[in-house]
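What follows is a short report on a single structure.
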Amino acid sequence: METIYVEMTEEEIDEAAIETAGRILREGGLVAFPTETVYGLGGDALNPASSKRIYAAKGRPSDNPLIVHICELSALGTIARDIPEEAFRLAEAYWPGPLTMILHKNDIVPAETTGGLDTVAVRFPSHRVAQALIRAEGGYVAAPSANRSGRPSPTLARYCREDLDGRVEMIIDGGEVGIGLESTIVDLTGLPAGRPVLLRPGRITLEMLEETVGPVDLDAASLGGESSGRPKAPGMKYRHYAPKGSLTIIEGPRDAVTAYINEQTDACRREGRRTGVICTDETAACYRADVIRSAGSRSDEEAVAHSLFRILREFDEEGAEVLFSESFSEESFGGDGRTAGMGQAIMNRLIKAAGHRTVRLPGSGET
Ligand code: TXA
Ligand code: MG
């Protein structure tokens with residue numbers, strides 16, 4: 001298949017191209033498009049054949065459910081039932097925006113879209129190109145991140161092309177995304193008896209959720225740990241965000257971390273292997289690796305979140321095989337673990353990208 005490429009911005013939406021994209025989706029085709037978090041791979045959420053095509057294009061296991069994207073609040077009642085009052089409070093506070101809610105699904109949503117679950121993930125994105133596309137489609141666009149399964153989520157259309165060229169009808173290039181990490185996912189299906197559960201941390205932080213709906217529980221997978229038993233967000237059990245090289249996170253006092261990483265990268269160089277380091281503005285000058293990438297200043301967690309997936313892709317482009325990252329645990333942003341802002345979301349993605357390989361160096365404190 002020949003993939004069509006179009007470019008547009010939120011300020012200047014190409015209405016004709018959106019009309020074409022909407023038609024492609026209605027006819028069962030696939031369109032990759034920008035959102036405020038990462039690029040999505042869209043299909044008609046109410047058409048089982050479209051969802052099957054999404055899984056095939058991504059190379060994604062079909063028990064890993066898709067998020068249904070809507071462009072007006074009233075659409076919620078069509079796809080979900082028994083909606084708790086907390087969902088409307090969260091929608092009021094954070095929609096449109098980077099928040100996904102898990103609710104009980106209505107029959108109109110096919111099992112193919114929800115990976116066989118009787119719940120559905122719903123998100124109302126704030127990106128105007130995404131909204132225009134959803135409207136043109138008719139209101140219900142299933143969209144996982146637009147990467148091949150296991151790869152870092154795309155923050156640029158170029159990365160969608162890398163993963164999906166020839167596998168989808170159209171890719172809409174809307175420039176670099178704003179946030180750079182996927183939406184926060186909160187499970188509301190245990191209400192009213194139980195509490196909301198944070199399944200995937202993101203830009204809408206735990207404390208922002210709690211401000212709106214009171215105490216929220218944490219799923220083990222949301223902290224980067226392995227969930228015991230069946231994970232609540234099925235996607236959390238698969239290898240994720242992986243660069244082609246092998247990545248290890250190094251934790252410990254700052255000087256010990258830089259010394260350790262330099263020792264390791266020097267040894268790799270002697271063996272002729274290319275190395276990469278994810279560091280911060282504060283430490284970038286200390287390293288001797290082949291590819292040194294600062295994720296931003298350690299005091300700016302939004303910058304770090306924004307650059308993480310791009311850096312993982314850049315290591316691949318540069319052919320770096322042995323990769324190290326400083327740790328970005330909650331404490332390093334000044335949080336206390338529960339009031340951690342986006343540190344939680346950053347570490348969740350980094351730990352998965354590293355396949356849980358972490359080296360803890362002796363000594364107190366973080367880098
Ligand atoms: O920011 C985002 O959410 C992006 C953009 C494109 O909107 N989308 C995205 O989708 O990240 P995806 O498919 O890469 O991640 C969706 C996650 C998966 O971990 C999946 O298991 C979980 O949501 N999920 C979907 N439906 C669910 C459900 N009914 N119950 C529990 N988890 C669900
Ligand atoms: Mg994904």
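Scheme for the structure tokens: letters A, B, ... for chains in order shown; per-chain residue numbers from 1; ligand numbers from 1 in order shown.
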Exercise for review: List all protein, DNA and RNA residues that have at least one atom no more than 6 Å from any atom of ligand 2, counting only C-alpha atoms and all ligand atoms, and write them as a list in words.
Suggested key: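 Final answer, ordered by chain and number: Pro144, Ser145 and Ser153 of chain A.
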Practice item. Give the residues close to ligand 1, within 8 Å, counting only C-alpha atoms and all ligand atoms; write them as a ChimeraX atom specification. Key: /A:34-41,64-67,69,98-100,102-103,114-115,117-123,125,143-146,153,181-185,187,199-200,232-236
Exercise for review: Would you return as JSON, numbers by chain the members of segment 34-71 of chain A that DSSP assigns to helix (DSSP H, G or I) on this structure's backbone?
Suggested key: {"A": [48, 49, 50, 51, 52, 53, 54, 55, 56, 57, 58]}
Practice item. For Leu312 of chain A, work out the shell of residues within 12 Å, counting only C-alpha atoms and skipping chain neighbours fewer than 4 positions away, then give it as a VMD selection string. Key: chain A and resid 151 to 155 159 240 to 247 276 to 278 291 to 295 305 to 308 316 to 325 349 to 350 353 to 354
Serialized selection, N, CA and C atoms, as a short mmCIF file (atom, residue, chain, number, x, y, z; two decimals), in the first residue's frame:
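After the write, out.cif holds the following:
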data_model
loop_
_atom_site.label_atom_id
_atom_site.label_comp_id
_atom_site.auth_asym_id
_atom_site.auth_seq_id
_atom_site.Cartn_x
_atom_site.Cartn_y
_atom_site.Cartn_z
N ARG A 151 8.17 -0.62 20.34
CA ARG A 151 9.06 0.51 20.03
C ARG A 151 8.61 1.75 20.81
N PRO A 152 9.51 2.74 20.96
CA PRO A 152 9.09 3.97 21.65
C PRO A 152 7.94 4.65 20.91
N SER A 153 7.00 5.23 21.65
CA SER A 153 5.87 5.93 21.03
C SER A 153 6.39 7.11 20.23
N PRO A 154 5.79 7.37 19.04
CA PRO A 154 6.32 8.43 18.17
C PRO A 154 5.92 9.84 18.62
N THR A 155 6.91 10.71 18.66
CA THR A 155 6.68 12.11 19.01
C THR A 155 6.80 12.99 17.77
N TYR A 159 8.83 9.37 12.82
CA TYR A 159 8.91 8.08 13.50
C TYR A 159 7.71 7.20 13.14
N HIS A 240 8.16 -2.71 26.22
CA HIS A 240 7.70 -1.43 25.73
C HIS A 240 8.85 -0.51 25.42
N TYR A 241 8.59 0.44 24.54
CA TYR A 241 9.43 1.62 24.40
C TYR A 241 10.88 1.27 24.13
N ALA A 242 11.15 0.03 23.70
CA ALA A 242 12.52 -0.43 23.70
C ALA A 242 13.32 0.15 22.54
N PRO A 243 14.48 0.71 22.83
CA PRO A 243 15.42 1.05 21.76
C PRO A 243 16.04 -0.26 21.26
N LYS A 244 16.75 -0.21 20.13
CA LYS A 244 17.36 -1.45 19.62
C LYS A 244 18.54 -1.88 20.50
N GLY A 245 19.28 -0.91 21.04
CA GLY A 245 20.38 -1.24 21.94
C GLY A 245 19.85 -1.67 23.30
N SER A 246 20.77 -2.20 24.14
CA SER A 246 20.32 -2.61 25.48
C SER A 246 20.57 -1.47 26.45
N LEU A 247 19.53 -1.13 27.20
CA LEU A 247 19.57 0.04 28.09
C LEU A 247 19.60 -0.40 29.55
N GLY A 276 25.77 4.89 24.27
CA GLY A 276 24.94 6.09 24.41
C GLY A 276 24.58 6.33 25.86
N VAL A 277 24.40 7.61 26.21
CA VAL A 277 24.02 7.96 27.59
C VAL A 277 22.87 8.95 27.57
N ILE A 278 21.85 8.68 28.42
CA ILE A 278 20.80 9.68 28.68
C ILE A 278 21.17 10.37 29.98
N VAL A 291 27.45 8.66 22.01
CA VAL A 291 26.25 9.49 21.81
C VAL A 291 25.76 9.94 23.17
N ILE A 292 25.87 11.24 23.45
CA ILE A 292 25.47 11.78 24.75
C ILE A 292 24.25 12.66 24.53
N ARG A 293 23.15 12.33 25.19
CA ARG A 293 21.91 13.09 25.00
C ARG A 293 21.39 13.59 26.35
N SER A 294 21.32 14.91 26.49
CA SER A 294 20.70 15.47 27.68
C SER A 294 19.20 15.51 27.46
N ALA A 295 18.45 15.05 28.48
CA ALA A 295 16.99 15.09 28.40
C ALA A 295 16.47 16.45 28.86
N ALA A 305 10.33 14.65 30.17
CA ALA A 305 9.24 13.84 29.60
C ALA A 305 9.17 14.05 28.09
N HIS A 306 9.31 15.28 27.67
CA HIS A 306 9.18 15.64 26.27
C HIS A 306 10.27 14.99 25.40
N SER A 307 11.47 14.84 25.95
CA SER A 307 12.57 14.36 25.09
C SER A 307 12.87 12.87 25.18
N LEU A 308 12.29 12.18 26.17
CA LEU A 308 12.69 10.79 26.42
C LEU A 308 12.52 9.87 25.21
N ASP A 316 18.95 4.69 18.22
CA ASP A 316 18.84 3.74 17.10
C ASP A 316 19.44 4.35 15.84
N GLU A 317 19.07 5.63 15.57
CA GLU A 317 19.57 6.29 14.35
C GLU A 317 21.09 6.38 14.36
N GLU A 318 21.66 6.54 15.54
CA GLU A 318 23.11 6.71 15.67
C GLU A 318 23.83 5.36 15.80
N GLY A 319 23.09 4.28 15.81
CA GLY A 319 23.69 2.96 15.92
C GLY A 319 24.33 2.68 17.27
N ALA A 320 23.82 3.31 18.32
CA ALA A 320 24.36 3.04 19.66
C ALA A 320 23.77 1.73 20.19
N GLU A 321 24.68 0.82 20.64
CA GLU A 321 24.21 -0.53 21.01
C GLU A 321 24.12 -0.73 22.51
N VAL A 322 25.01 -0.05 23.25
CA VAL A 322 25.02 -0.24 24.70
C VAL A 322 24.68 1.11 25.34
N LEU A 323 23.54 1.14 26.04
CA LEU A 323 22.98 2.42 26.49
C LEU A 323 22.85 2.46 28.00
N PHE A 324 23.09 3.65 28.54
CA PHE A 324 22.94 3.86 29.98
C PHE A 324 22.09 5.11 30.20
N SER A 325 21.33 5.10 31.29
CA SER A 325 20.57 6.31 31.64
C SER A 325 20.75 6.62 33.10
N ARG A 349 8.16 4.84 32.12
CA ARG A 349 8.54 4.56 30.73
C ARG A 349 10.00 4.10 30.64
N LEU A 350 10.87 4.75 31.44
CA LEU A 350 12.30 4.44 31.37
C LEU A 350 12.56 3.00 31.84
N ALA A 353 11.53 0.71 29.14
CA ALA A 353 12.48 0.76 28.02
C ALA A 353 13.73 -0.05 28.35
N ALA A 354 14.09 -0.07 29.63
CA ALA A 354 15.30 -0.79 30.06
C ALA A 354 15.00 -2.25 30.37
#
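Each of A:Ser50, A:Gly22, A:Lys58, A:Ala142 was checked against Gly166 of chain A using only C-alpha atoms; the smallest atom-to-atom distance is that of A:Lys58.
Shortest separation to Gly355 of chain A among A:Thr275, A:Ser297, A:Thr78, A:Thr248 occurs at residue A:Thr248, atoms counted being only C-alpha atoms.
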At a cut-off of 8 Å, using only C-alpha atoms, what residues contact Pro48 of chain A? Leave out same-chain residues fewer than 3 positions from it and give the result as a PDB file with C-alpha atoms, in the first residue's frame.
ATOM      1  CA  ALA A  45     -13.521   2.168  16.909  1.00  0.00           C
ATOM      2  CA  SER A  51      -9.459  -2.746  15.046  1.00  0.00           C
ATOM      3  CA  LYS A  52      -8.078  -5.982  13.614  1.00  0.00           C
ATOM      4  CA  PRO A 110     -16.909  -4.381  19.550  1.00  0.00           C
ATOM      5  CA  ALA A 111     -14.835  -6.856  21.558  1.00  0.00           C
ATOM      6  CA  GLU A 112     -12.090  -6.461  18.932  1.00  0.00           C
ATOM      7  CA  THR A 113     -11.554  -2.859  20.065  1.00  0.00           C
TER       8      THR A 113
END
